[in-house]
Amino acid sequence: MQNTSEQYDAVITQCRKLFINKMKDYGSAWRILRLPSLTDQIFIKAQRIRGLQENEEQKIDEGQESEFIGIINYCLMALVQIEKGIASQPDLSLEEATKLYDTYIAKTKVLMQAKNHDYGEAWRDMRVSSLTDLIIQKLLRVKQIENNQGKTLVSEGIGANYQDMINYSIFAMIHLS
């Protein structure tokens, strides 16, 4: 798993750099987004990835990698929103947002390491298209939980689903690299 850990960190370094640069450009304007809006943004990214995987022609010169990065960063924003609630105005400094980003990715990596141990790195034998489908399935689950006002009877909550989408996206990025 050391190789997985290093590969995971390399993907996160790339995602974190983009997050920080976008924070410098836009500030924390994303703090006004409600969870369903973030879920829909992630859904758009996942649908584009699926389209890239299925379509022969591509009209926008950005590949799957940039969309997986978007999924990772939007999921991390969603985890922050779950903790802090929705703001009416941008309210996080670059330093605060980066600290929250680092906190949530660290928790998500711990989850990945536990599941990766138990599942024996099964993701390494999966196709990127299957990981994409799992992300879309998680999104549909999240949408249903949101429609149920966040209540579940026996299932994981929204946060766990966002963490799984982060990890699936990172696995896909490792496969693509």
# chains A, B, ... in the order shown; residues from 1 in each chain; ligands from 1
call {"tool": "residues_around", "arguments": {"residues": "Ser37 in chain A", "least_positions_apart": "6", "cutoff": "10 Å", "atoms": "only C-alpha atoms", "output": "list in words"}}
result
Trp30, Phe43 and Ala78 of chain A
call {"tool": "residues_around", "arguments": {"residues": "Leu94 in chain A", "least_positions_apart": "6", "cutoff": "10 Å", "atoms": "only C-alpha atoms", "output": "count of residues only"}}
result
9
call {"tool": "residues_around", "arguments": {"residues": "Arg48 in chain A", "least_positions_apart": "2", "cutoff": "12 Å", "atoms": "only C-alpha atoms", "output": "PyMOL selection string"}}
result
chain A and resi 41-46+50-55+58-60+62-68+70-71+129+132-133+136
call {"tool": "write_last_selection", "arguments": {"atoms": "C-alpha atoms", "output": "JSON list (two decimals), in the first residue's frame"}}
result
[["chain", "number", "residue", "atom", "x", "y", "z"],
["A", 41, "GLN", "CA", -21.72, 20.19, -10.24],
["A", 42, "ILE", "CA", -20.15, 16.82, -9.46],
["A", 43, "PHE", "CA", -22.86, 15.11, -11.54],
["A", 44, "ILE", "CA", -22.02, 17.34, -14.53],
["A", 45, "LYS", "CA", -18.34, 16.39, -14.23],
["A", 46, "ALA", "CA", -19.15, 12.67, -13.96],
["A", 50, "ARG", "CA", -18.84, 9.16, -19.11],
["A", 51, "GLY", "CA", -19.44, 11.00, -22.38],
["A", 52, "LEU", "CA", -15.70, 11.15, -23.05],
["A", 53, "GLN", "CA", -15.48, 7.42, -22.41],
["A", 54, "GLU", "CA", -18.37, 6.63, -24.77],
["A", 55, "ASN", "CA", -18.10, 9.22, -27.55],
["A", 58, "GLN", "CA", -14.50, 15.29, -28.27],
["A", 59, "LYS", "CA", -15.25, 18.99, -28.86],
["A", 60, "ILE", "CA", -13.64, 20.47, -25.73],
["A", 62, "GLU", "CA", -9.95, 18.80, -21.75],
["A", 63, "GLY", "CA", -9.73, 15.15, -20.87],
["A", 64, "GLN", "CA", -10.99, 12.97, -18.07],
["A", 65, "GLU", "CA", -8.24, 13.99, -15.67],
["A", 66, "SER", "CA", -9.42, 17.59, -15.30],
["A", 67, "GLU", "CA", -12.97, 16.38, -14.65],
["A", 68, "PHE", "CA", -11.83, 13.90, -12.00],
["A", 70, "GLY", "CA", -13.09, 18.77, -10.37],
["A", 71, "ILE", "CA", -14.99, 15.92, -8.72],
["A", 129, "SER", "CA", -15.28, 3.35, -16.78],
["A", 132, "THR", "CA", -17.00, 6.44, -13.30],
["A", 133, "ASP", "CA", -20.19, 4.40, -13.06],
["A", 136, "ILE", "CA", -22.54, 8.30, -10.83]]
call {"tool": "atom_distance", "arguments": {"atom1": "CA of Asp40 in chain A", "atom2": "CA of Gln81 in chain A"}}
result
14.5 Å
call {"tool": "closest_residue", "arguments": {"among": "A:Asp164, A:Glu56, A:Glu6, A:Asp61", "to": "Leu79 in chain A", "atoms": "only C-alpha atoms"}}
result
A:Asp164
call {"tool": "closest_residue", "arguments": {"among": "A:Phe171, A:Tyr74, A:Tyr101, A:Tyr162", "to": "Glu121 in chain A", "atoms": "only C-alpha atoms"}}
result
A:Phe171
call {"tool": "select_by_dssp", "arguments": {"residues": "range 132-174 of chain A", "states": "alpha helix (DSSP H)", "output": "compact mmCIF listing (two decimals) with N, CA and C atoms, in the first residue's frame"}}
result
# COMPACT_ATOMS: atom_id res chain seq x y z
N THR A 132 -16.09 5.36 -12.91
CA THR A 132 -17.00 6.44 -13.30
C THR A 132 -18.44 6.06 -12.99
N ASP A 133 -18.83 4.85 -13.34
CA ASP A 133 -20.19 4.40 -13.06
C ASP A 133 -20.48 4.38 -11.56
N LEU A 134 -19.51 3.96 -10.76
CA LEU A 134 -19.69 3.96 -9.31
C LEU A 134 -19.87 5.37 -8.77
N ILE A 135 -19.13 6.33 -9.34
CA ILE A 135 -19.29 7.73 -8.93
C ILE A 135 -20.71 8.20 -9.25
N ILE A 136 -21.18 7.88 -10.45
CA ILE A 136 -22.54 8.30 -10.83
C ILE A 136 -23.57 7.63 -9.92
N GLN A 137 -23.36 6.36 -9.58
CA GLN A 137 -24.27 5.69 -8.66
C GLN A 137 -24.27 6.39 -7.30
N LYS A 138 -23.10 6.75 -6.80
CA LYS A 138 -23.01 7.47 -5.52
C LYS A 138 -23.74 8.80 -5.61
N LEU A 139 -23.62 9.48 -6.75
CA LEU A 139 -24.32 10.76 -6.93
C LEU A 139 -25.83 10.57 -6.87
N LEU A 140 -26.31 9.52 -7.50
CA LEU A 140 -27.75 9.25 -7.47
C LEU A 140 -28.21 8.93 -6.05
N ARG A 141 -27.37 8.24 -5.30
CA ARG A 141 -27.68 7.97 -3.89
C ARG A 141 -27.73 9.28 -3.09
N VAL A 142 -26.73 10.13 -3.31
CA VAL A 142 -26.69 11.41 -2.60
C VAL A 142 -27.93 12.25 -2.92
N LYS A 143 -28.29 12.27 -4.20
CA LYS A 143 -29.49 13.02 -4.59
C LYS A 143 -30.73 12.49 -3.86
N GLN A 144 -30.83 11.18 -3.74
CA GLN A 144 -31.97 10.59 -3.03
C GLN A 144 -31.94 10.97 -1.55
N ILE A 145 -30.76 10.91 -0.93
CA ILE A 145 -30.63 11.31 0.48
C ILE A 145 -30.99 12.79 0.63
N GLU A 146 -30.54 13.62 -0.30
CA GLU A 146 -30.90 15.04 -0.25
C GLU A 146 -32.41 15.21 -0.36
N ASN A 147 -33.05 14.44 -1.25
CA ASN A 147 -34.50 14.51 -1.39
C ASN A 147 -35.21 14.05 -0.11
N ILE A 158 -24.44 11.33 3.64
CA ILE A 158 -23.93 12.03 2.46
C ILE A 158 -22.41 12.16 2.48
N GLY A 159 -21.85 12.49 3.63
CA GLY A 159 -20.40 12.68 3.73
C GLY A 159 -19.61 11.47 3.30
N ALA A 160 -20.04 10.29 3.72
CA ALA A 160 -19.33 9.05 3.34
C ALA A 160 -19.38 8.84 1.83
N ASN A 161 -20.50 9.21 1.22
CA ASN A 161 -20.60 9.07 -0.24
C ASN A 161 -19.66 10.03 -0.95
N TYR A 162 -19.54 11.26 -0.45
CA TYR A 162 -18.58 12.20 -1.04
C TYR A 162 -17.15 11.66 -0.89
N GLN A 163 -16.85 11.08 0.26
CA GLN A 163 -15.51 10.53 0.46
C GLN A 163 -15.24 9.38 -0.52
N ASP A 164 -16.23 8.52 -0.72
CA ASP A 164 -16.05 7.43 -1.68
C ASP A 164 -15.81 7.97 -3.09
N MET A 165 -16.55 9.03 -3.46
CA MET A 165 -16.36 9.62 -4.79
C MET A 165 -14.96 10.20 -4.94
N ILE A 166 -14.44 10.80 -3.88
CA ILE A 166 -13.07 11.30 -3.91
C ILE A 166 -12.12 10.13 -4.18
N ASN A 167 -12.28 9.07 -3.41
CA ASN A 167 -11.36 7.94 -3.55
C ASN A 167 -11.48 7.26 -4.91
N TYR A 168 -12.69 7.09 -5.42
CA TYR A 168 -12.85 6.51 -6.76
C TYR A 168 -12.18 7.40 -7.81
N SER A 169 -12.33 8.71 -7.65
CA SER A 169 -11.71 9.65 -8.61
C SER A 169 -10.20 9.57 -8.56
N ILE A 170 -9.66 9.46 -7.36
CA ILE A 170 -8.20 9.35 -7.22
C ILE A 170 -7.72 8.04 -7.85
N PHE A 171 -8.45 6.95 -7.61
CA PHE A 171 -8.07 5.68 -8.24
C PHE A 171 -8.10 5.81 -9.77
N ALA A 172 -9.11 6.48 -10.29
CA ALA A 172 -9.20 6.68 -11.74
C ALA A 172 -8.00 7.48 -12.24
N MET A 173 -7.65 8.54 -11.51
CA MET A 173 -6.50 9.36 -11.89
C MET A 173 -5.22 8.52 -11.89
N ILE A 174 -5.06 7.65 -10.90
CA ILE A 174 -3.88 6.78 -10.85
C ILE A 174 -3.87 5.88 -12.08
call {"tool": "atom_distance", "arguments": {"atom1": "CA of Asn116 in chain A", "atom2": "CA of Ile82 in chain A"}}
result
25.1 Å
call {"tool": "closest_residue", "arguments": {"among": "A:Thr98, A:Thr152, A:Ser88, A:Gln14", "to": "Ile72 in chain A", "atoms": "only C-alpha atoms"}}
result
A:Gln14
call {"tool": "atom_distance", "arguments": {"atom1": "CA of Ile32 in chain A", "atom2": "CA of Lys151 in chain A"}}
result
22.4 Å
